[in-house]
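Containing CSV, C-alpha atoms: start-v1.csv.
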```
chain,number,residue,atom,x,y,z
A,1,MET,CA,70.1,-9.1,-43.2
A,2,ASN,CA,68.2,-6.0,-42.2
A,3,ALA,CA,65.9,-3.9,-44.3
A,4,GLN,CA,68.6,-1.2,-44.9
A,5,ALA,CA,71.0,-3.7,-46.3
A,6,LEU,CA,68.3,-5.2,-48.5
A,7,LEU,CA,67.3,-1.8,-49.9
A,8,SER,CA,70.9,-0.9,-50.7
A,9,LYS,CA,71.3,-4.2,-52.5
A,10,LEU,CA,68.2,-3.6,-54.6
A,11,LYS,CA,69.4,-0.1,-55.5
A,12,SER,CA,72.7,-1.4,-56.7
A,13,PHE,CA,70.8,-3.7,-59.3
A,14,PRO,CA,67.9,-1.5,-60.5
A,15,LEU,CA,67.3,-3.5,-63.7
A,16,ALA,CA,67.0,-6.9,-61.9
A,17,THR,CA,64.8,-5.2,-59.2
A,18,ALA,CA,62.4,-3.8,-61.8
A,19,ALA,CA,62.3,-7.2,-63.6
A,20,ILE,CA,61.5,-9.0,-60.3
A,21,LEU,CA,58.8,-6.4,-59.4
A,22,LEU,CA,57.3,-6.8,-63.0
A,23,ILE,CA,57.2,-10.6,-62.7
A,24,VAL,CA,55.5,-10.5,-59.3
A,25,ALA,CA,53.0,-7.9,-60.5
A,26,GLY,CA,52.3,-10.0,-63.7
A,27,GLY,CA,51.8,-13.1,-61.6
A,28,ALA,CA,49.4,-11.3,-59.3
A,29,VAL,CA,47.4,-10.0,-62.3
A,30,ILE,CA,47.3,-13.5,-63.9
A,31,GLY,CA,46.2,-15.0,-60.6
A,32,LEU,CA,43.4,-12.5,-60.1
A,33,ARG,CA,42.3,-12.7,-63.8
A,34,TRP,CA,42.4,-16.6,-63.9
A,35,ASN,CA,38.8,-16.8,-62.4
A,36,VAL,CA,37.5,-14.2,-64.8
A,37,ILE,CA,38.9,-16.2,-67.8
A,38,SER,CA,37.2,-19.4,-66.7
A,39,GLU,CA,33.9,-17.6,-66.2
A,40,LEU,CA,34.2,-16.0,-69.6
A,41,LYS,CA,34.9,-19.4,-71.2
A,42,GLU,CA,31.7,-20.8,-69.5
A,43,GLU,CA,29.7,-17.8,-70.7
A,44,ASN,CA,31.1,-18.3,-74.2
A,45,THR,CA,30.1,-22.0,-74.2
A,46,ARG,CA,26.6,-21.1,-73.0
A,47,LEU,CA,26.2,-18.4,-75.7
A,48,GLU,CA,27.5,-20.8,-78.4
A,49,ARG,CA,24.8,-23.4,-77.4
A,50,GLN,CA,22.1,-20.7,-77.4
A,51,THR,CA,23.2,-19.5,-80.8
A,52,SER,CA,23.1,-23.0,-82.2
A,53,GLN,CA,19.6,-23.5,-80.8
A,54,ILE,CA,18.4,-20.2,-82.3
A,55,GLN,CA,19.9,-21.1,-85.7
A,56,ALA,CA,18.1,-24.5,-85.5
A,57,ASN,CA,14.9,-22.8,-84.6
A,58,VAL,CA,15.2,-20.4,-87.6
A,59,ARG,CA,16.1,-23.3,-89.9
A,60,HIS,CA,13.2,-25.4,-88.8
A,61,GLY,CA,10.8,-22.5,-88.3
A,62,SER,CA,10.1,-22.3,-91.9
A,63,THR,CA,7.9,-25.4,-91.6
A,64,LEU,CA,5.8,-24.1,-88.7
A,65,PRO,CA,2.9,-22.8,-90.7
A,66,LYS,CA,2.6,-26.1,-92.5
A,67,THR,CA,2.8,-28.0,-89.2
A,68,LEU,CA,0.2,-25.7,-87.6
A,69,GLU,CA,-2.1,-26.3,-90.5
A,70,SER,CA,-1.7,-30.1,-90.1
A,71,LEU,CA,-2.3,-29.9,-86.4
A,72,SER,CA,-5.4,-27.8,-86.9
A,73,GLY,CA,-6.8,-30.4,-89.4
A,74,TRP,CA,-6.1,-33.2,-86.9
A,75,THR,CA,-7.8,-31.2,-84.1
A,76,ALA,CA,-10.8,-30.6,-86.4
A,77,ASP,CA,-11.0,-34.4,-87.2
A,78,LEU,CA,-10.7,-35.2,-83.4
A,79,ASP,CA,-13.5,-32.7,-82.6
A,80,ALA,CA,-15.7,-34.2,-85.2
A,81,ARG,CA,-15.5,-37.5,-83.4
A,82,LEU,CA,-16.6,-36.2,-80.0
A,83,VAL,CA,-20.1,-36.6,-78.7
A,84,ASN,CA,-22.1,-33.9,-77.1
A,85,ALA,CA,-23.4,-35.1,-73.7
A,86,SER,CA,-26.5,-32.9,-74.0
A,87,ASP,CA,-27.5,-34.3,-77.4
A,88,LEU,CA,-29.2,-37.4,-76.0
A,89,ALA,CA,-31.2,-38.1,-79.2
A,90,GLY,CA,-28.2,-37.8,-81.5
A,91,ASN,CA,-26.1,-40.1,-79.2
A,92,LEU,CA,-28.9,-42.7,-79.0
A,93,ARG,CA,-29.3,-42.6,-82.8
A,94,TYR,CA,-25.6,-43.6,-83.0
A,95,PHE,CA,-26.2,-46.8,-81.0
A,96,TYR,CA,-29.4,-47.6,-83.0
A,97,ARG,CA,-27.5,-47.2,-86.2
A,98,LEU,CA,-24.9,-49.6,-84.9
A,99,GLU,CA,-27.7,-52.0,-84.0
A,100,GLN,CA,-29.1,-51.9,-87.5
A,101,GLU,CA,-25.7,-52.3,-89.2
A,102,SER,CA,-24.5,-55.1,-86.9
A,103,GLY,CA,-27.7,-57.2,-86.7
A,104,VAL,CA,-28.0,-57.2,-82.9
A,105,ARG,CA,-31.0,-56.1,-80.9
A,106,ILE,CA,-30.5,-53.4,-78.3
A,107,SER,CA,-32.9,-54.0,-75.4
A,108,ASP,CA,-31.6,-51.2,-73.2
A,109,VAL,CA,-29.4,-48.1,-73.7
A,110,ARG,CA,-29.0,-45.4,-71.1
A,111,GLN,CA,-26.7,-42.5,-70.9
A,112,THR,CA,-25.1,-42.1,-67.4
A,113,GLN,CA,-23.6,-39.0,-66.0
A,114,ALA,CA,-20.8,-37.4,-68.0
A,115,THR,CA,-17.6,-37.0,-66.0
A,116,ALA,CA,-14.5,-35.1,-66.6
A,117,PRO,CA,-11.2,-37.0,-66.3
A,118,THR,CA,-9.4,-36.6,-63.0
A,119,ARG,CA,-6.6,-34.1,-63.1
A,120,ALA,CA,-3.7,-33.4,-60.8
A,121,ARG,CA,-3.7,-30.2,-58.7
A,122,GLY,CA,-2.4,-27.2,-60.7
A,123,GLN,CA,-3.1,-28.9,-64.0
A,124,PRO,CA,-5.3,-27.1,-66.6
A,125,ALA,CA,-9.0,-28.0,-66.9
A,126,PRO,CA,-9.5,-31.1,-69.2
A,127,LEU,CA,-10.5,-30.5,-72.8
A,128,TYR,CA,-12.7,-33.6,-72.9
A,129,GLN,CA,-15.1,-35.5,-70.7
A,130,ASN,CA,-16.2,-39.1,-70.5
A,131,VAL,CA,-19.9,-39.7,-71.5
A,132,GLY,CA,-20.9,-43.0,-70.0
A,133,TYR,CA,-23.5,-45.4,-71.4
A,134,THR,CA,-25.0,-48.7,-70.2
A,135,VAL,CA,-26.0,-50.9,-73.2
A,136,THR,CA,-27.6,-54.3,-73.4
A,137,VAL,CA,-27.4,-56.1,-76.7
A,138,THR,CA,-28.7,-59.5,-77.8
A,139,GLY,CA,-27.8,-61.5,-80.9
A,140,ASP,CA,-25.8,-64.4,-82.2
A,141,TYR,CA,-22.2,-64.4,-81.2
A,142,ALA,CA,-20.9,-63.1,-84.6
A,143,SER,CA,-23.4,-60.2,-84.5
A,144,VAL,CA,-22.4,-59.2,-81.0
A,145,ILE,CA,-18.7,-59.3,-81.9
A,146,ARG,CA,-19.5,-57.2,-85.0
A,147,PHE,CA,-21.3,-54.7,-82.8
A,148,LEU,CA,-18.2,-54.4,-80.5
A,149,ASP,CA,-15.9,-54.1,-83.6
A,150,MET,CA,-18.1,-51.3,-85.0
A,151,LEU,CA,-18.2,-49.6,-81.6
A,152,GLU,CA,-14.4,-49.8,-81.3
A,153,ASN,CA,-13.7,-48.6,-84.9
A,154,GLY,CA,-16.7,-46.4,-85.1
A,155,GLU,CA,-17.4,-42.7,-85.6
A,156,HIS,CA,-16.8,-41.8,-81.9
A,157,PHE,CA,-13.9,-42.7,-79.5
A,158,ALA,CA,-15.2,-45.5,-77.2
A,159,ARG,CA,-13.7,-47.1,-74.1
A,160,LEU,CA,-15.2,-50.3,-72.8
A,161,THR,CA,-15.1,-50.2,-69.0
A,162,THR,CA,-16.9,-53.4,-68.1
A,163,TYR,CA,-19.0,-56.1,-69.8
A,164,THR,CA,-20.8,-59.4,-69.1
A,165,LEU,CA,-21.6,-61.9,-71.8
A,166,GLN,CA,-24.3,-64.5,-71.1
A,167,PRO,CA,-25.5,-67.3,-73.3
A,168,SER,CA,-29.2,-67.7,-74.0
A,169,ARG,CA,-31.0,-69.9,-71.5
A,170,THR,CA,-33.4,-71.2,-74.2
A,171,PRO,CA,-32.3,-74.6,-75.5
A,172,GLY,CA,-31.4,-74.7,-79.2
A,173,GLN,CA,-31.0,-71.0,-79.4
A,174,SER,CA,-27.5,-69.6,-80.1
A,175,ALA,CA,-28.1,-66.0,-78.9
A,176,VAL,CA,-25.9,-64.3,-76.4
A,177,THR,CA,-26.7,-61.2,-74.3
A,178,MET,CA,-24.0,-58.7,-73.6
A,179,ASN,CA,-24.3,-55.9,-70.9
A,180,LEU,CA,-21.8,-53.1,-71.6
A,181,ASN,CA,-20.6,-50.2,-69.6
A,182,LEU,CA,-18.7,-47.9,-71.9
A,183,GLU,CA,-17.6,-44.3,-72.3
A,184,LEU,CA,-17.6,-42.1,-75.3
A,185,LEU,CA,-15.2,-39.2,-75.5
A,186,GLY,CA,-17.2,-36.0,-75.3
A,187,GLN,CA,-16.8,-32.3,-75.5
A,188,SER,CA,-16.2,-30.4,-72.2
```

As structure tokens, the full file:
Amino acid sequence: MNAQALLSKLKSFPLATAAILLIVAGGAVIGLRWNVISELKEENTRLERQTSQIQANVRHGSTLPKTLESLSGWTADLDARLVNASDLAGNLRYFYRLEQESGVRISDVRQTQATAPTRARGQPAPLYQNVGYTVTVTGDYASVIRFLDMLENGEHFARLTTYTLQPSRTPGQSAVTMNLNLELLGQS
């Protein structure tokens, strides 16, 4: 069948020809628009999630001032427990108060160099530093343990890095000597 014959056939059935052309055009439009519909569905899903998150933020945002107040109080409590590396007299007073309350005898206490915690490259500067101490205490075993407990649960945050515990070399004496290396958390 040639093009002339096909054209005459189509002209003899104008309603069927128009319907076929309409179906082909509709199919082409639907095919082209199908991608747009799926993209719009994805966008709609993303916007619904974002709306839900915003609504949750608004709903929970009413407690933010109260939470901020609590965090500020906790931060103030934390800051009150920090040592100042440059206040050597005040820091030594802390150890001598522990000595008096625990019943041990401190024969040596020295502050070592304060060091900032290590940080990964690109991280912000640390807020705190480690203030090191070397302490030698002598007393009966119970007093030395009481000193450690008071240090651990004391006014400042303490971390014991190393220690040695030696019994007294004098016969009949129950004293022990403990050499401590520790760090107190300090202000940067």

Correct to one decimal, the distance atom CA of A:Arg146-atom CA of A:Gly90 is 21.5 Å

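Distance-wise, atom CA of A:Asn130 and atom CA of A:Ser70 end up 26.0 Å apart.
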
Atom CA of A:Glu155 sits from atom CA of A:Arg81 at a separation of 6.0 Å

Using all atoms listed in the file, the shortest atom-to-atom distance to A:Ala175 among A:Tyr141, A:Phe147, A:Phe95, A:Tyr163 belongs to A:Tyr141

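Using all atoms listed in the file, the nearest neighbour of A:Ala158 within the list A:Val83, A:Val58, A:Val104, A:Ile145 is A:Val83.
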
Excluding A:Asn91 and any residue of its chain fewer than 5 positions from it, enumerate the residues within 10 Å of it, using all atoms listed in the file, and give them as a PDB file with C-alpha atoms, in the frame of the given file.
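Writing done, so here's out-v5.pdb:
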```
ATOM      1  CA  VAL A  83     -20.100 -36.600 -78.700  1.00  0.00           C
ATOM      2  CA  ASN A  84     -22.100 -33.900 -77.100  1.00  0.00           C
ATOM      3  CA  ALA A  85     -23.400 -35.100 -73.700  1.00  0.00           C
ATOM      4  CA  SER A  86     -26.500 -32.900 -74.000  1.00  0.00           C
ATOM      5  CA  TYR A  96     -29.400 -47.600 -83.000  1.00  0.00           C
ATOM      6  CA  GLN A 111     -26.700 -42.500 -70.900  1.00  0.00           C
ATOM      7  CA  VAL A 131     -19.900 -39.700 -71.500  1.00  0.00           C
ATOM      8  CA  TYR A 133     -23.500 -45.400 -71.400  1.00  0.00           C
ATOM      9  CA  HIS A 156     -16.800 -41.800 -81.900  1.00  0.00           C
ATOM     10  CA  LEU A 184     -17.600 -42.100 -75.300  1.00  0.00           C
TER      11      LEU A 184
END
```

Closest of A:Ala142, A:Gln173, A:Asn181, A:Ser38 to A:Thr161, counting all atoms listed in the file, is A:Asn181

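Of the residues listed (A:Ser102, A:Thr170, A:Gln129, A:Asn35), A:Gln129 shows the shortest atom-to-atom separation from A:Thr115; distances use all atoms listed in the file.
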
Please, can stretch 117-129 of chain A be completed to N, CA and C atoms and returned as a tab-separated table (two decimals), in the coordinates of the input?
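Result file follows (result_36.tsv):
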```tsv
chain	number	residue	atom	x	y	z
A	117	PRO	N	-12.33	-36.22	-66.83
A	117	PRO	CA	-11.20	-37.00	-66.30
A	117	PRO	C	-10.58	-36.35	-65.12
A	118	THR	N	-10.04	-37.15	-64.22
A	118	THR	CA	-9.40	-36.60	-63.00
A	118	THR	C	-8.11	-35.87	-63.47
A	119	ARG	N	-7.79	-34.84	-62.74
A	119	ARG	CA	-6.60	-34.10	-63.10
A	119	ARG	C	-5.81	-33.79	-61.79
A	120	ALA	N	-4.53	-33.67	-61.94
A	120	ALA	CA	-3.70	-33.40	-60.80
A	120	ALA	C	-3.84	-31.89	-60.43
A	121	ARG	N	-3.57	-31.59	-59.18
A	121	ARG	CA	-3.70	-30.20	-58.70
A	121	ARG	C	-2.71	-29.32	-59.47
A	122	GLY	N	-3.22	-28.19	-59.92
A	122	GLY	CA	-2.40	-27.20	-60.70
A	122	GLY	C	-2.38	-27.49	-62.16
A	123	GLN	N	-3.02	-28.56	-62.61
A	123	GLN	CA	-3.10	-28.90	-64.00
A	123	GLN	C	-4.27	-28.07	-64.64
A	124	PRO	N	-4.21	-27.78	-65.94
A	124	PRO	CA	-5.30	-27.10	-66.60
A	124	PRO	C	-6.57	-27.95	-66.63
A	125	ALA	N	-7.71	-27.30	-66.81
A	125	ALA	CA	-9.00	-28.00	-66.90
A	125	ALA	C	-8.93	-28.96	-68.12
A	126	PRO	N	-9.51	-30.16	-68.03
A	126	PRO	CA	-9.50	-31.10	-69.20
A	126	PRO	C	-10.28	-30.55	-70.34
A	127	LEU	N	-9.84	-30.91	-71.54
A	127	LEU	CA	-10.50	-30.50	-72.80
A	127	LEU	C	-11.69	-31.36	-73.10
A	128	TYR	N	-11.72	-32.57	-72.55
A	128	TYR	CA	-12.70	-33.60	-72.90
A	128	TYR	C	-13.35	-34.14	-71.66
A	129	GLN	N	-14.48	-34.80	-71.83
A	129	GLN	CA	-15.10	-35.50	-70.70
A	129	GLN	C	-15.55	-36.87	-71.19
```
